[in-house]
Amino acid sequence: MDLIIKNARPVTAADTPVDIALAAGKIAAIGPNLIGGAATYDAGGRLVCAGLVETHIHLDKSRIIDRCPLPEGRRVNPVTTVAPLKPAMTVEDIYTRAETTLRECLVNGTTRMRTQVEIDPAMGLRGFEAIRALADAYKWAIDIEPCVFPQDGLTNYPGTEELLVDALKAGAPVLGAAPRYDSDPTAQVDRIFALAREHDVDLDLHLDVGDSTEHMDVRRVLELTEQYKLGGRVVVGHMAKLSLMPPAESAAMARRLADAGIAVTVLPATDLYLMGRDRDHDVRRGVADVNHLHAHGVTCSLSSNNILNPATPYGDCSLIRIANLHANILQVVGAQRLRELFLMLSEHSARLLNLKDYGLAVGKPADIVIIDATTPEQAVAEIRPPLAVWKRGQRTVTRQPPELHTPA
Ligand SMILES: [Zn+2]
């Protein structure tokens with residue numbers, strides 16, 4: 001044994017504290033009163049999970065809010081705001097901003113990540129190159145999987161598809177989409193599915209943000225997922241329009257998604273900021289209800305999406321804060337539902353990303369996060385911080401709780 005973590009409460013069984021033994025980068029044993037370690041860490045009865053999982057974050061365009069003009073009026077379009085900035089983004093610029101954001105993710109307990117990387121003739125493959133270099137430089141602390149996608153349109157932007165194919169040939173494991181910003185959204189979805197089949201990669205598409213449910217791209221995604229039997233390999237992000245549907249209608253849609261094997265990532269910070277822009281009062285919240293989706297069998301995650309850019313001007317890379325934000329927006333109450341939200345930052349997110357080697361179990365990689373709480377519901381309700389993180393058995397993060405200097 002290299003280390004025994006004493007007295008920690010697993011998120012899925014927080015009533016019973018256990019010891020966790022780490023050896024050669026893996027979890028070697030879990031149980032009461034383990035002995036034989038060269039060193040010990042006393043978790044003091046705190047919560048433990050196998051790392052937080054960020055399933056959707058744009059590292060490449062984080063931290064550019066100070067380069068963007070302020071929006072005029074209620075309507076905002078983050079894509080046309082960012083587009084003019086792209087030609088000036090060098091690999092070094094992207095790397096530096098992405099690294100700052102990544103380091104914030106690490107100290108907030110994230111040990112696995114899927115990051116969306118935009119590719120088009122204005123950006124070229126510079127974002128992809130920067131993120132691959134960053135993933136390599138930080139593999140001691142996190143596993144990063146890039147999802148390449150066209151942000152500014154595919155069918156209306158000649159040269160984009162060729163660059164996407166170059167990235168797929170260079171090993172990009174996941175392909176994304178943003179049909180809302182294409183002059184022909186359905187044609188983009190069709191083309192992206194065709195490319196995914198050709199290159200045998202998973203799909204993770206931005207879908208259905210907007211003011212009405214009249215047109216929903218998810219309907220085409222459902223057809224193609226079923227037609228090509230891609231269940232379990234398709235994720236749709238946002239799905240903000242689900243929040244515009246009455247419960248019976250959104251429940252029917254949730255069951256269709258579950259049956260088709262399509263998972264959903266909800267991005268509360270962005271959708272709260274972007275939705276309801278057609279109104280100047282009585283502004284709707286516009287965030288899909290993950291507990292409702294989960295209740296109908298959909299695999300769901302909660303994620304950050306953007307940090308300090310025109311789609312999401314705020315953020316500190318704390319996934320636990322995102323779950324807390326979601327609980328506030330959706331008026332979530334009760335320990336059980338808060339616990340579900342925590343699992344949508346961890347266990348369920350790992351399932352959504354098809355991570356086979358994730359979990360607090362013997363033989364899995366020793367990715368361990370100790371959180372300053374005794375239950376997952378407390379962590380979400382109080383935005384409790386991680387105090388210690390190990391990646392494959394190596395300590396990567398230490399955070400001290402603040403101290404109050406009471407007069408003697
Ligand atoms: Zn996104």
# chains A, B, ... in the order shown; residues from 1 in each chain; ligands from 1
call {"tool": "residues_near_ligand", "arguments": {"ligand": "ligand 1", "cutoff": "7 Å", "atoms": "only C-alpha atoms and all ligand atoms", "output": "mmCIF file with C-alpha atoms, in the first residue's frame"}}
result
data_model
loop_
_atom_site.group_PDB
_atom_site.id
_atom_site.type_symbol
_atom_site.label_atom_id
_atom_site.label_comp_id
_atom_site.auth_asym_id
_atom_site.auth_seq_id
_atom_site.Cartn_x
_atom_site.Cartn_y
_atom_site.Cartn_z
ATOM 1 C CA HIS A 56 -18.807 20.173 -21.293
ATOM 2 C CA ILE A 57 -16.495 23.186 -21.109
ATOM 3 C CA HIS A 58 -15.003 25.479 -23.764
ATOM 4 C CA GLN A 116 -15.465 21.464 -26.701
ATOM 5 C CA HIS A 206 -25.218 21.658 -28.708
ATOM 6 C CA ASN A 305 -19.947 25.203 -20.514
ATOM 7 C CA ASN A 306 -18.272 28.613 -20.530
#
call {"tool": "residues_around", "arguments": {"residues": "A:Ala194", "least_positions_apart": "3", "cutoff": "12 Å", "atoms": "only C-alpha atoms", "output": "number ranges by chain"}}
result
A: 161, 165, 175, 187-191, 197-203, 221, 224-225, 227-228, 230
call {"tool": "residues_around", "arguments": {"residues": "stretch 15-32 of chain A", "least_positions_apart": "2", "cutoff": "7 Å", "atoms": "only C-alpha atoms", "output": "PyMOL selection string"}}
result
chain A and resi 1-9+13+34+45+361-366+392-393
call {"tool": "select_by_dssp", "arguments": {"residues": "stretch 2-198 of chain A", "states": "strand (DSSP E or B)", "output": "short mmCIF file (atom, residue, chain, number, x, y, z; two decimals) with all heavy atoms, in the first residue's frame"}}
result
data_model
loop_
_atom_site.label_atom_id
_atom_site.label_comp_id
_atom_site.auth_asym_id
_atom_site.auth_seq_id
_atom_site.Cartn_x
_atom_site.Cartn_y
_atom_site.Cartn_z
N LEU A 3 -0.77 4.41 0.33
CA LEU A 3 -1.50 5.37 1.18
C LEU A 3 -2.83 4.75 1.58
O LEU A 3 -3.46 4.06 0.79
CB LEU A 3 -1.76 6.66 0.38
CG LEU A 3 -2.58 7.74 1.08
CD1 LEU A 3 -1.76 8.40 2.19
CD2 LEU A 3 -3.07 8.80 0.10
N ILE A 4 -3.24 5.03 2.83
CA ILE A 4 -4.60 4.67 3.24
C ILE A 4 -5.34 5.95 3.62
O ILE A 4 -4.88 6.71 4.48
CB ILE A 4 -4.63 3.66 4.40
CG1 ILE A 4 -4.00 2.33 3.95
CG2 ILE A 4 -6.06 3.42 4.87
CD1 ILE A 4 -3.96 1.26 5.02
N ILE A 5 -6.44 6.20 2.93
CA ILE A 5 -7.30 7.32 3.29
C ILE A 5 -8.30 6.80 4.31
O ILE A 5 -9.06 5.87 4.03
CB ILE A 5 -8.01 7.88 2.03
CG1 ILE A 5 -6.95 8.47 1.08
CG2 ILE A 5 -9.05 8.92 2.40
CD1 ILE A 5 -7.45 8.83 -0.28
N LYS A 6 -8.24 7.36 5.53
CA LYS A 6 -9.06 6.84 6.62
C LYS A 6 -10.37 7.63 6.72
O LYS A 6 -10.40 8.84 6.50
CB LYS A 6 -8.31 7.01 7.97
CG LYS A 6 -6.89 6.43 8.01
CD LYS A 6 -6.87 4.92 8.06
CE LYS A 6 -7.43 4.32 9.34
NZ LYS A 6 -7.37 2.82 9.26
N ASN A 7 -11.42 6.91 7.09
CA ASN A 7 -12.65 7.55 7.56
C ASN A 7 -13.25 8.53 6.54
O ASN A 7 -13.40 9.72 6.81
CB ASN A 7 -12.32 8.27 8.89
CG ASN A 7 -13.56 8.67 9.65
OD1 ASN A 7 -14.65 8.17 9.38
ND2 ASN A 7 -13.41 9.62 10.57
N ALA A 8 -13.56 8.01 5.36
CA ALA A 8 -14.17 8.83 4.30
C ALA A 8 -15.55 8.28 3.96
O ALA A 8 -15.77 7.06 4.01
CB ALA A 8 -13.28 8.82 3.07
N ARG A 9 -16.48 9.16 3.60
CA ARG A 9 -17.85 8.73 3.30
C ARG A 9 -18.09 8.75 1.79
O ARG A 9 -18.17 9.82 1.19
CB ARG A 9 -18.86 9.69 3.94
CG ARG A 9 -18.85 9.68 5.45
CD ARG A 9 -19.77 10.75 6.00
NE ARG A 9 -19.57 10.90 7.42
CZ ARG A 9 -20.23 10.17 8.34
NH1 ARG A 9 -21.13 9.29 7.97
NH2 ARG A 9 -19.97 10.35 9.62
N PRO A 10 -18.21 7.58 1.15
CA PRO A 10 -18.45 7.54 -0.31
C PRO A 10 -19.79 8.20 -0.67
O PRO A 10 -20.77 8.05 0.07
CB PRO A 10 -18.50 6.04 -0.63
CG PRO A 10 -17.83 5.36 0.53
CD PRO A 10 -18.08 6.23 1.73
N VAL A 18 -15.62 4.67 5.38
CA VAL A 18 -14.73 3.54 5.07
C VAL A 18 -13.28 4.04 4.97
O VAL A 18 -13.04 5.24 4.92
CB VAL A 18 -15.09 2.86 3.72
CG1 VAL A 18 -16.43 2.18 3.79
CG2 VAL A 18 -15.05 3.87 2.58
N ASP A 19 -12.35 3.09 4.91
CA ASP A 19 -10.97 3.40 4.57
C ASP A 19 -10.74 2.98 3.12
O ASP A 19 -11.34 2.01 2.64
CB ASP A 19 -10.00 2.63 5.47
CG ASP A 19 -10.12 3.05 6.94
OD1 ASP A 19 -10.78 4.07 7.22
OD2 ASP A 19 -9.53 2.35 7.79
N ILE A 20 -9.87 3.71 2.43
CA ILE A 20 -9.56 3.40 1.02
C ILE A 20 -8.05 3.28 0.89
O ILE A 20 -7.32 4.23 1.21
CB ILE A 20 -10.08 4.50 0.08
CG1 ILE A 20 -11.59 4.70 0.27
CG2 ILE A 20 -9.77 4.18 -1.37
CD1 ILE A 20 -12.15 5.95 -0.38
N ALA A 21 -7.58 2.11 0.45
CA ALA A 21 -6.14 1.90 0.28
C ALA A 21 -5.75 2.11 -1.18
O ALA A 21 -6.43 1.61 -2.09
CB ALA A 21 -5.76 0.49 0.72
N LEU A 22 -4.67 2.86 -1.40
CA LEU A 22 -4.17 3.12 -2.75
C LEU A 22 -2.83 2.42 -2.93
O LEU A 22 -1.98 2.46 -2.04
CB LEU A 22 -3.98 4.62 -2.98
CG LEU A 22 -5.04 5.59 -2.47
CD1 LEU A 22 -4.71 7.02 -2.91
CD2 LEU A 22 -6.42 5.20 -2.96
N ALA A 23 -2.65 1.76 -4.06
CA ALA A 23 -1.36 1.13 -4.37
C ALA A 23 -1.15 1.17 -5.87
O ALA A 23 -2.07 0.87 -6.65
CB ALA A 23 -1.33 -0.32 -3.87
N LYS A 26 -3.72 2.69 -8.18
CA LYS A 26 -5.09 2.15 -8.24
C LYS A 26 -5.68 2.01 -6.84
O LYS A 26 -4.95 2.07 -5.84
CB LYS A 26 -5.07 0.77 -8.90
CG LYS A 26 -4.54 0.84 -10.31
CD LYS A 26 -5.15 -0.21 -11.20
CE LYS A 26 -4.95 0.24 -12.61
NZ LYS A 26 -5.08 -0.62 -13.65
N ILE A 27 -6.98 1.84 -6.79
CA ILE A 27 -7.63 1.56 -5.51
C ILE A 27 -7.41 0.07 -5.22
O ILE A 27 -7.82 -0.79 -6.00
CB ILE A 27 -9.13 1.90 -5.57
CG1 ILE A 27 -9.30 3.41 -5.81
CG2 ILE A 27 -9.83 1.47 -4.29
CD1 ILE A 27 -10.74 3.86 -6.04
N ALA A 28 -6.71 -0.20 -4.08
CA ALA A 28 -6.34 -1.58 -3.78
C ALA A 28 -7.33 -2.24 -2.83
O ALA A 28 -7.47 -3.48 -2.86
CB ALA A 28 -4.93 -1.62 -3.17
N ALA A 29 -7.97 -1.46 -1.98
CA ALA A 29 -8.93 -2.04 -1.04
C ALA A 29 -9.84 -0.94 -0.52
O ALA A 29 -9.45 0.21 -0.43
CB ALA A 29 -8.21 -2.71 0.13
N ILE A 30 -11.09 -1.33 -0.19
CA ILE A 30 -12.03 -0.41 0.45
C ILE A 30 -12.71 -1.20 1.57
O ILE A 30 -13.18 -2.32 1.34
CB ILE A 30 -13.12 0.08 -0.53
CG1 ILE A 30 -12.49 0.85 -1.70
CG2 ILE A 30 -14.12 0.99 0.18
CD1 ILE A 30 -13.47 1.33 -2.76
N GLY A 31 -12.69 -0.65 2.78
CA GLY A 31 -13.33 -1.37 3.89
C GLY A 31 -13.06 -0.69 5.21
O GLY A 31 -12.39 0.34 5.25
N THR A 40 -0.87 7.60 5.93
CA THR A 40 -2.33 7.70 6.02
C THR A 40 -2.76 9.15 5.85
O THR A 40 -1.99 10.08 6.09
CB THR A 40 -2.87 7.20 7.39
OG1 THR A 40 -2.29 8.00 8.42
CG2 THR A 40 -2.55 5.74 7.62
N TYR A 41 -4.01 9.31 5.40
CA TYR A 41 -4.64 10.64 5.33
C TYR A 41 -5.97 10.50 6.05
O TYR A 41 -6.77 9.62 5.67
CB TYR A 41 -4.85 11.05 3.87
CG TYR A 41 -5.69 12.32 3.72
CD1 TYR A 41 -5.08 13.57 3.66
CD2 TYR A 41 -7.09 12.26 3.66
CE1 TYR A 41 -5.84 14.73 3.54
CE2 TYR A 41 -7.85 13.41 3.53
CZ TYR A 41 -7.22 14.64 3.47
OH TYR A 41 -7.98 15.79 3.35
N ASP A 42 -6.20 11.29 7.05
CA ASP A 42 -7.45 11.20 7.80
C ASP A 42 -8.49 12.13 7.17
O ASP A 42 -8.34 13.35 7.24
CB ASP A 42 -7.21 11.57 9.26
CG ASP A 42 -8.49 11.40 10.09
OD1 ASP A 42 -9.50 10.89 9.53
OD2 ASP A 42 -8.48 11.76 11.28
N ALA A 43 -9.51 11.54 6.55
CA ALA A 43 -10.55 12.35 5.91
C ALA A 43 -11.53 12.92 6.94
O ALA A 43 -12.38 13.74 6.58
CB ALA A 43 -11.29 11.52 4.87
N GLY A 44 -11.45 12.46 8.17
CA GLY A 44 -12.27 13.04 9.24
C GLY A 44 -13.77 12.89 9.01
O GLY A 44 -14.54 13.76 9.39
N GLY A 45 -14.16 11.78 8.37
CA GLY A 45 -15.59 11.55 8.15
C GLY A 45 -16.17 12.37 7.00
O GLY A 45 -17.38 12.46 6.84
N ARG A 46 -15.30 12.93 6.17
CA ARG A 46 -15.78 13.77 5.06
C ARG A 46 -16.14 12.92 3.83
O ARG A 46 -15.76 11.76 3.71
CB ARG A 46 -14.73 14.81 4.68
CG ARG A 46 -14.52 15.88 5.73
CD ARG A 46 -13.57 16.95 5.24
NE ARG A 46 -13.35 17.96 6.27
CZ ARG A 46 -12.42 17.86 7.22
NH1 ARG A 46 -11.62 16.83 7.26
NH2 ARG A 46 -12.31 18.82 8.12
N LEU A 47 -16.81 13.60 2.93
CA LEU A 47 -17.30 12.97 1.70
C LEU A 47 -16.14 12.64 0.76
O LEU A 47 -15.20 13.43 0.63
CB LEU A 47 -18.22 13.99 1.03
CG LEU A 47 -19.14 13.53 -0.09
CD1 LEU A 47 -20.13 12.50 0.43
CD2 LEU A 47 -19.88 14.74 -0.67
N VAL A 48 -16.24 11.49 0.10
CA VAL A 48 -15.23 11.13 -0.91
C VAL A 48 -15.93 10.72 -2.20
O VAL A 48 -16.97 10.07 -2.17
CB VAL A 48 -14.29 10.00 -0.40
CG1 VAL A 48 -15.07 8.72 -0.11
CG2 VAL A 48 -13.18 9.72 -1.41
N CYS A 49 -15.37 11.16 -3.34
CA CYS A 49 -15.86 10.66 -4.63
C CYS A 49 -14.66 10.38 -5.53
O CYS A 49 -13.53 10.75 -5.21
CB CYS A 49 -16.83 11.64 -5.28
SG CYS A 49 -16.06 13.10 -5.98
N LEU A 52 -14.54 14.77 -9.71
CA LEU A 52 -15.64 15.42 -10.41
C LEU A 52 -15.36 15.37 -11.91
O LEU A 52 -14.20 15.40 -12.34
CB LEU A 52 -15.79 16.87 -9.92
CG LEU A 52 -16.13 17.00 -8.43
CD1 LEU A 52 -16.27 18.47 -8.04
CD2 LEU A 52 -17.37 16.22 -8.05
N VAL A 53 -16.43 15.29 -12.69
CA VAL A 53 -16.31 15.09 -14.13
C VAL A 53 -16.96 16.27 -14.85
O VAL A 53 -18.18 16.44 -14.77
CB VAL A 53 -16.98 13.77 -14.56
CG1 VAL A 53 -16.80 13.54 -16.05
CG2 VAL A 53 -16.42 12.59 -13.76
N GLU A 54 -16.15 17.06 -15.50
CA GLU A 54 -16.66 18.18 -16.31
C GLU A 54 -16.93 17.63 -17.70
O GLU A 54 -15.99 17.25 -18.42
CB GLU A 54 -15.60 19.28 -16.35
CG GLU A 54 -15.94 20.48 -17.20
CD GLU A 54 -17.03 21.37 -16.62
OE1 GLU A 54 -16.74 22.21 -15.75
OE2 GLU A 54 -18.17 21.21 -17.09
N THR A 55 -18.21 17.55 -18.10
CA THR A 55 -18.52 16.90 -19.38
C THR A 55 -18.61 17.89 -20.54
O THR A 55 -18.71 17.48 -21.70
CB THR A 55 -19.85 16.13 -19.30
OG1 THR A 55 -20.92 17.07 -19.10
CG2 THR A 55 -19.86 15.13 -18.18
N HIS A 56 -18.60 19.20 -20.21
CA HIS A 56 -18.81 20.17 -21.29
C HIS A 56 -18.25 21.53 -20.88
O HIS A 56 -18.86 22.24 -20.08
CB HIS A 56 -20.32 20.27 -21.58
CG HIS A 56 -20.68 21.07 -22.78
ND1 HIS A 56 -21.56 20.65 -23.74
CD2 HIS A 56 -20.27 22.31 -23.20
CE1 HIS A 56 -21.69 21.57 -24.68
NE2 HIS A 56 -20.91 22.59 -24.37
N ILE A 57 -17.08 21.88 -21.42
CA ILE A 57 -16.49 23.19 -21.11
C ILE A 57 -15.65 23.65 -22.30
O ILE A 57 -14.91 22.86 -22.89
CB ILE A 57 -15.66 23.14 -19.81
CG1 ILE A 57 -15.17 24.53 -19.40
CG2 ILE A 57 -14.50 22.15 -19.91
CD1 ILE A 57 -14.60 24.61 -17.99
N THR A 110 -11.99 18.68 -10.23
CA THR A 110 -12.25 18.00 -11.50
C THR A 110 -11.05 17.14 -11.89
O THR A 110 -9.92 17.63 -11.90
CB THR A 110 -12.55 19.04 -12.61
OG1 THR A 110 -13.68 19.80 -12.19
CG2 THR A 110 -12.86 18.38 -13.93
N THR A 111 -11.31 15.87 -12.19
CA THR A 111 -10.23 14.96 -12.57
C THR A 111 -10.42 14.35 -13.97
O THR A 111 -9.54 13.66 -14.48
CB THR A 111 -10.10 13.80 -11.57
OG1 THR A 111 -11.35 13.11 -11.51
CG2 THR A 111 -9.73 14.29 -10.17
N ARG A 112 -11.60 14.58 -14.55
CA ARG A 112 -11.87 14.13 -15.93
C ARG A 112 -12.65 15.23 -16.63
O ARG A 112 -13.48 15.90 -16.01
CB ARG A 112 -12.74 12.87 -15.96
CG ARG A 112 -12.34 11.83 -14.95
CD ARG A 112 -11.63 10.70 -15.61
NE ARG A 112 -11.41 9.65 -14.63
CZ ARG A 112 -11.39 8.35 -14.91
NH1 ARG A 112 -11.59 7.94 -16.15
NH2 ARG A 112 -11.16 7.48 -13.97
N MET A 113 -12.44 15.33 -17.93
CA MET A 113 -13.05 16.45 -18.66
C MET A 113 -13.24 16.12 -20.14
O MET A 113 -12.36 15.54 -20.77
CB MET A 113 -12.11 17.66 -18.53
CG MET A 113 -12.52 18.88 -19.33
SD MET A 113 -11.30 20.21 -19.17
CE MET A 113 -11.67 20.83 -17.54
N ARG A 114 -14.40 16.50 -20.66
CA ARG A 114 -14.56 16.62 -22.12
C ARG A 114 -14.61 18.11 -22.42
O ARG A 114 -15.40 18.83 -21.82
CB ARG A 114 -15.85 15.93 -22.58
CG ARG A 114 -16.11 16.11 -24.07
CD ARG A 114 -17.35 15.36 -24.53
NE ARG A 114 -17.12 13.91 -24.60
CZ ARG A 114 -18.07 13.03 -24.90
NH1 ARG A 114 -19.31 13.44 -25.14
NH2 ARG A 114 -17.79 11.72 -24.94
N THR A 115 -13.75 18.56 -23.34
CA THR A 115 -13.73 20.00 -23.66
C THR A 115 -14.09 20.21 -25.12
O THR A 115 -13.56 19.54 -26.02
CB THR A 115 -12.37 20.64 -23.29
OG1 THR A 115 -12.45 22.05 -23.55
CG2 THR A 115 -11.20 20.06 -24.07
N GLN A 116 -15.00 21.14 -25.35
CA GLN A 116 -15.46 21.46 -26.70
C GLN A 116 -14.43 22.37 -27.37
O GLN A 116 -14.02 23.37 -26.77
CB GLN A 116 -16.82 22.16 -26.63
CG GLN A 116 -18.02 21.22 -26.57
CD GLN A 116 -18.07 20.26 -25.40
OE1 GLN A 116 -17.46 20.50 -24.36
NE2 GLN A 116 -18.79 19.16 -25.55
N VAL A 117 -14.03 22.02 -28.58
CA VAL A 117 -12.99 22.78 -29.29
C VAL A 117 -13.52 23.21 -30.65
O VAL A 117 -13.90 22.37 -31.47
CB VAL A 117 -11.73 21.89 -29.50
CG1 VAL A 117 -10.65 22.67 -30.23
CG2 VAL A 117 -11.20 21.37 -28.17
N GLU A 118 -13.57 24.52 -30.90
CA GLU A 118 -14.14 24.94 -32.18
C GLU A 118 -13.11 24.94 -33.30
O GLU A 118 -11.94 25.25 -33.09
CB GLU A 118 -14.88 26.27 -32.12
CG GLU A 118 -14.37 27.34 -31.25
CD GLU A 118 -15.44 28.43 -31.13
OE1 GLU A 118 -15.52 29.23 -32.06
OE2 GLU A 118 -16.15 28.47 -30.11
N ASP A 120 -12.83 25.88 -37.53
CA ASP A 120 -13.37 26.49 -38.75
C ASP A 120 -12.21 27.22 -39.43
O ASP A 120 -11.12 27.32 -38.84
CB ASP A 120 -14.54 27.43 -38.43
CG ASP A 120 -14.18 28.51 -37.44
OD1 ASP A 120 -13.13 29.14 -37.61
OD2 ASP A 120 -14.94 28.72 -36.48
N GLY A 124 -8.87 27.73 -37.69
CA GLY A 124 -8.00 26.65 -38.13
C GLY A 124 -7.99 25.54 -37.09
O GLY A 124 -8.99 25.31 -36.41
N ASP A 143 -7.64 13.71 -17.01
CA ASP A 143 -7.80 13.14 -18.35
C ASP A 143 -8.72 14.07 -19.13
O ASP A 143 -9.85 14.31 -18.72
CB ASP A 143 -8.44 11.75 -18.27
CG ASP A 143 -7.60 10.79 -17.44
OD1 ASP A 143 -6.38 10.71 -17.69
OD2 ASP A 143 -8.16 10.14 -16.54
N ILE A 144 -8.21 14.58 -20.25
CA ILE A 144 -8.97 15.54 -21.06
C ILE A 144 -9.26 14.94 -22.42
O ILE A 144 -8.36 14.45 -23.10
CB ILE A 144 -8.19 16.86 -21.25
CG1 ILE A 144 -7.90 17.50 -19.89
CG2 ILE A 144 -8.97 17.82 -22.14
CD1 ILE A 144 -7.09 18.80 -19.98
N GLU A 145 -10.53 15.01 -22.81
CA GLU A 145 -10.96 14.47 -24.11
C GLU A 145 -11.53 15.62 -24.94
O GLU A 145 -12.50 16.25 -24.54
CB GLU A 145 -12.05 13.44 -23.81
CG GLU A 145 -12.82 12.92 -24.97
CD GLU A 145 -13.88 11.93 -24.52
OE1 GLU A 145 -14.96 12.35 -24.06
OE2 GLU A 145 -13.63 10.72 -24.63
N PRO A 146 -10.92 15.95 -26.09
CA PRO A 146 -11.47 17.03 -26.91
C PRO A 146 -12.66 16.58 -27.75
O PRO A 146 -12.67 15.47 -28.28
CB PRO A 146 -10.29 17.44 -27.81
CG PRO A 146 -9.43 16.23 -27.89
CD PRO A 146 -9.69 15.37 -26.67
N CYS A 147 -13.66 17.45 -27.85
CA CYS A 147 -14.80 17.24 -28.74
C CYS A 147 -14.74 18.37 -29.77
O CYS A 147 -14.97 19.53 -29.43
CB CYS A 147 -16.10 17.30 -27.95
SG CYS A 147 -17.58 17.47 -28.98
N VAL A 148 -14.39 18.03 -31.00
CA VAL A 148 -14.25 19.08 -32.02
C VAL A 148 -15.60 19.35 -32.67
O VAL A 148 -16.40 18.44 -32.86
CB VAL A 148 -13.20 18.68 -33.09
CG1 VAL A 148 -11.82 18.57 -32.46
CG2 VAL A 148 -13.57 17.38 -33.79
N PHE A 149 -15.85 20.62 -33.00
CA PHE A 149 -17.17 20.95 -33.55
C PHE A 149 -17.13 22.29 -34.29
O PHE A 149 -16.23 23.11 -34.07
CB PHE A 149 -18.23 20.98 -32.43
CG PHE A 149 -18.26 22.28 -31.66
CD1 PHE A 149 -19.30 23.18 -31.84
CD2 PHE A 149 -17.26 22.61 -30.77
CE1 PHE A 149 -19.35 24.37 -31.15
CE2 PHE A 149 -17.29 23.81 -30.07
CZ PHE A 149 -18.34 24.69 -30.26
N VAL A 174 -14.25 12.65 -30.28
CA VAL A 174 -15.67 13.01 -30.21
C VAL A 174 -15.93 14.17 -31.17
O VAL A 174 -15.11 15.07 -31.31
CB VAL A 174 -16.08 13.46 -28.78
CG1 VAL A 174 -17.59 13.63 -28.68
CG2 VAL A 174 -15.59 12.48 -27.72
N LEU A 175 -17.12 14.11 -31.82
CA LEU A 175 -17.51 15.16 -32.76
C LEU A 175 -18.75 15.87 -32.23
O LEU A 175 -19.67 15.22 -31.72
CB LEU A 175 -17.80 14.52 -34.13
CG LEU A 175 -18.25 15.45 -35.26
CD1 LEU A 175 -17.18 16.50 -35.58
CD2 LEU A 175 -18.59 14.63 -36.51
N GLY A 176 -18.75 17.19 -32.32
CA GLY A 176 -19.89 17.97 -31.84
C GLY A 176 -20.57 18.72 -32.96
O GLY A 176 -20.23 18.58 -34.13
N ALA A 177 -21.55 19.55 -32.58
CA ALA A 177 -22.29 20.34 -33.56
C ALA A 177 -22.91 21.53 -32.86
O ALA A 177 -22.97 21.58 -31.63
CB ALA A 177 -23.40 19.48 -34.19
#
call {"tool": "residues_around", "arguments": {"residues": "A:Leu222", "least_positions_apart": "4", "cutoff": "12 Å", "atoms": "only C-alpha atoms", "output": "list in words"}}
result
Val189, Asp190, Phe193, Leu207, Met216, Asp217, Val218, Glu226, Gln227, Tyr228, Lys229, Leu230, Gly231, Val234, Val235, Val236, Met253, Ala254, Arg255, Arg256, Leu257, Ala258, Asp259, Ala260, Gly261, Ile262 and Ala263 of chain A
call {"tool": "write_last_selection", "arguments": {"atoms": "C-alpha atoms", "output": "PDB file, in the first residue's frame"}}
result
ATOM      1  CA  VAL A 189     -27.137  17.479 -38.004  1.00  0.00           C
ATOM      2  CA  ASP A 190     -27.288  15.056 -40.968  1.00  0.00           C
ATOM      3  CA  PHE A 193     -23.990  12.099 -38.046  1.00  0.00           C
ATOM      4  CA  LEU A 207     -28.973  21.565 -29.058  1.00  0.00           C
ATOM      5  CA  MET A 216     -36.434  21.346 -32.161  1.00  0.00           C
ATOM      6  CA  ASP A 217     -33.267  19.831 -33.622  1.00  0.00           C
ATOM      7  CA  VAL A 218     -33.470  16.984 -31.112  1.00  0.00           C
ATOM      8  CA  GLU A 226     -32.382   5.251 -33.785  1.00  0.00           C
ATOM      9  CA  GLN A 227     -31.791   4.725 -37.509  1.00  0.00           C
ATOM     10  CA  TYR A 228     -28.036   4.200 -37.091  1.00  0.00           C
ATOM     11  CA  LYS A 229     -28.328   2.417 -33.705  1.00  0.00           C
ATOM     12  CA  LEU A 230     -26.049   4.920 -31.989  1.00  0.00           C
ATOM     13  CA  GLY A 231     -27.742   4.662 -28.571  1.00  0.00           C
ATOM     14  CA  VAL A 234     -24.921  10.469 -28.390  1.00  0.00           C
ATOM     15  CA  VAL A 235     -25.010  13.372 -25.911  1.00  0.00           C
ATOM     16  CA  VAL A 236     -27.070  16.525 -26.369  1.00  0.00           C
ATOM     17  CA  MET A 253     -39.601  13.727 -24.740  1.00  0.00           C
ATOM     18  CA  ALA A 254     -37.466  12.491 -21.816  1.00  0.00           C
ATOM     19  CA  ARG A 255     -38.755   8.946 -22.260  1.00  0.00           C
ATOM     20  CA  ARG A 256     -37.978   9.080 -25.989  1.00  0.00           C
ATOM     21  CA  LEU A 257     -34.425  10.244 -25.212  1.00  0.00           C
ATOM     22  CA  ALA A 258     -33.986   7.500 -22.601  1.00  0.00           C
ATOM     23  CA  ASP A 259     -35.305   4.821 -24.977  1.00  0.00           C
ATOM     24  CA  ALA A 260     -33.011   6.012 -27.770  1.00  0.00           C
ATOM     25  CA  GLY A 261     -29.977   6.044 -25.445  1.00  0.00           C
ATOM     26  CA  ILE A 262     -29.369   9.791 -25.800  1.00  0.00           C
ATOM     27  CA  ALA A 263     -27.821  11.463 -22.737  1.00  0.00           C
TER      28      ALA A 263
END
call {"tool": "closest_residue", "arguments": {"among": "A:Leu164, A:Ala251, A:Leu102, A:Ala381", "to": "A:His296", "atoms": "only C-alpha atoms"}}
result
A:Ala251
call {"tool": "select_by_dssp", "arguments": {"residues": "stretch 44-273 of chain A", "states": "helix (DSSP H, G or I)", "output": "ChimeraX atom specification"}}
result
/A:59-61,65-67,78-88,91-107,126-137,160-169,179-181,185-199,218-227,240-244,247-260,268-273
call {"tool": "residues_around", "arguments": {"residues": "stretch 240-245 of chain A", "least_positions_apart": "2", "cutoff": "10 Å", "atoms": "only C-alpha atoms", "output": "ChimeraX atom specification"}}
result
/A:207-216,237-238,247-251,253-254,266-268,270-272,274-275,284-289,293,330
call {"tool": "residues_around", "arguments": {"residues": "A:Val332", "least_positions_apart": "3", "cutoff": "12 Å", "atoms": "only C-alpha atoms", "output": "list of chain:residue names"}}
result
A:Asp289, A:Val290, A:Asn291, A:His292, A:Ala323, A:Asn324, A:Leu325, A:His326, A:Ala327, A:Asn328, A:Ile329, A:Ala335, A:Gln336, A:Arg337, A:Leu338, A:Arg339, A:Glu340, A:Leu341, A:Glu377, A:Val380, A:Ala381
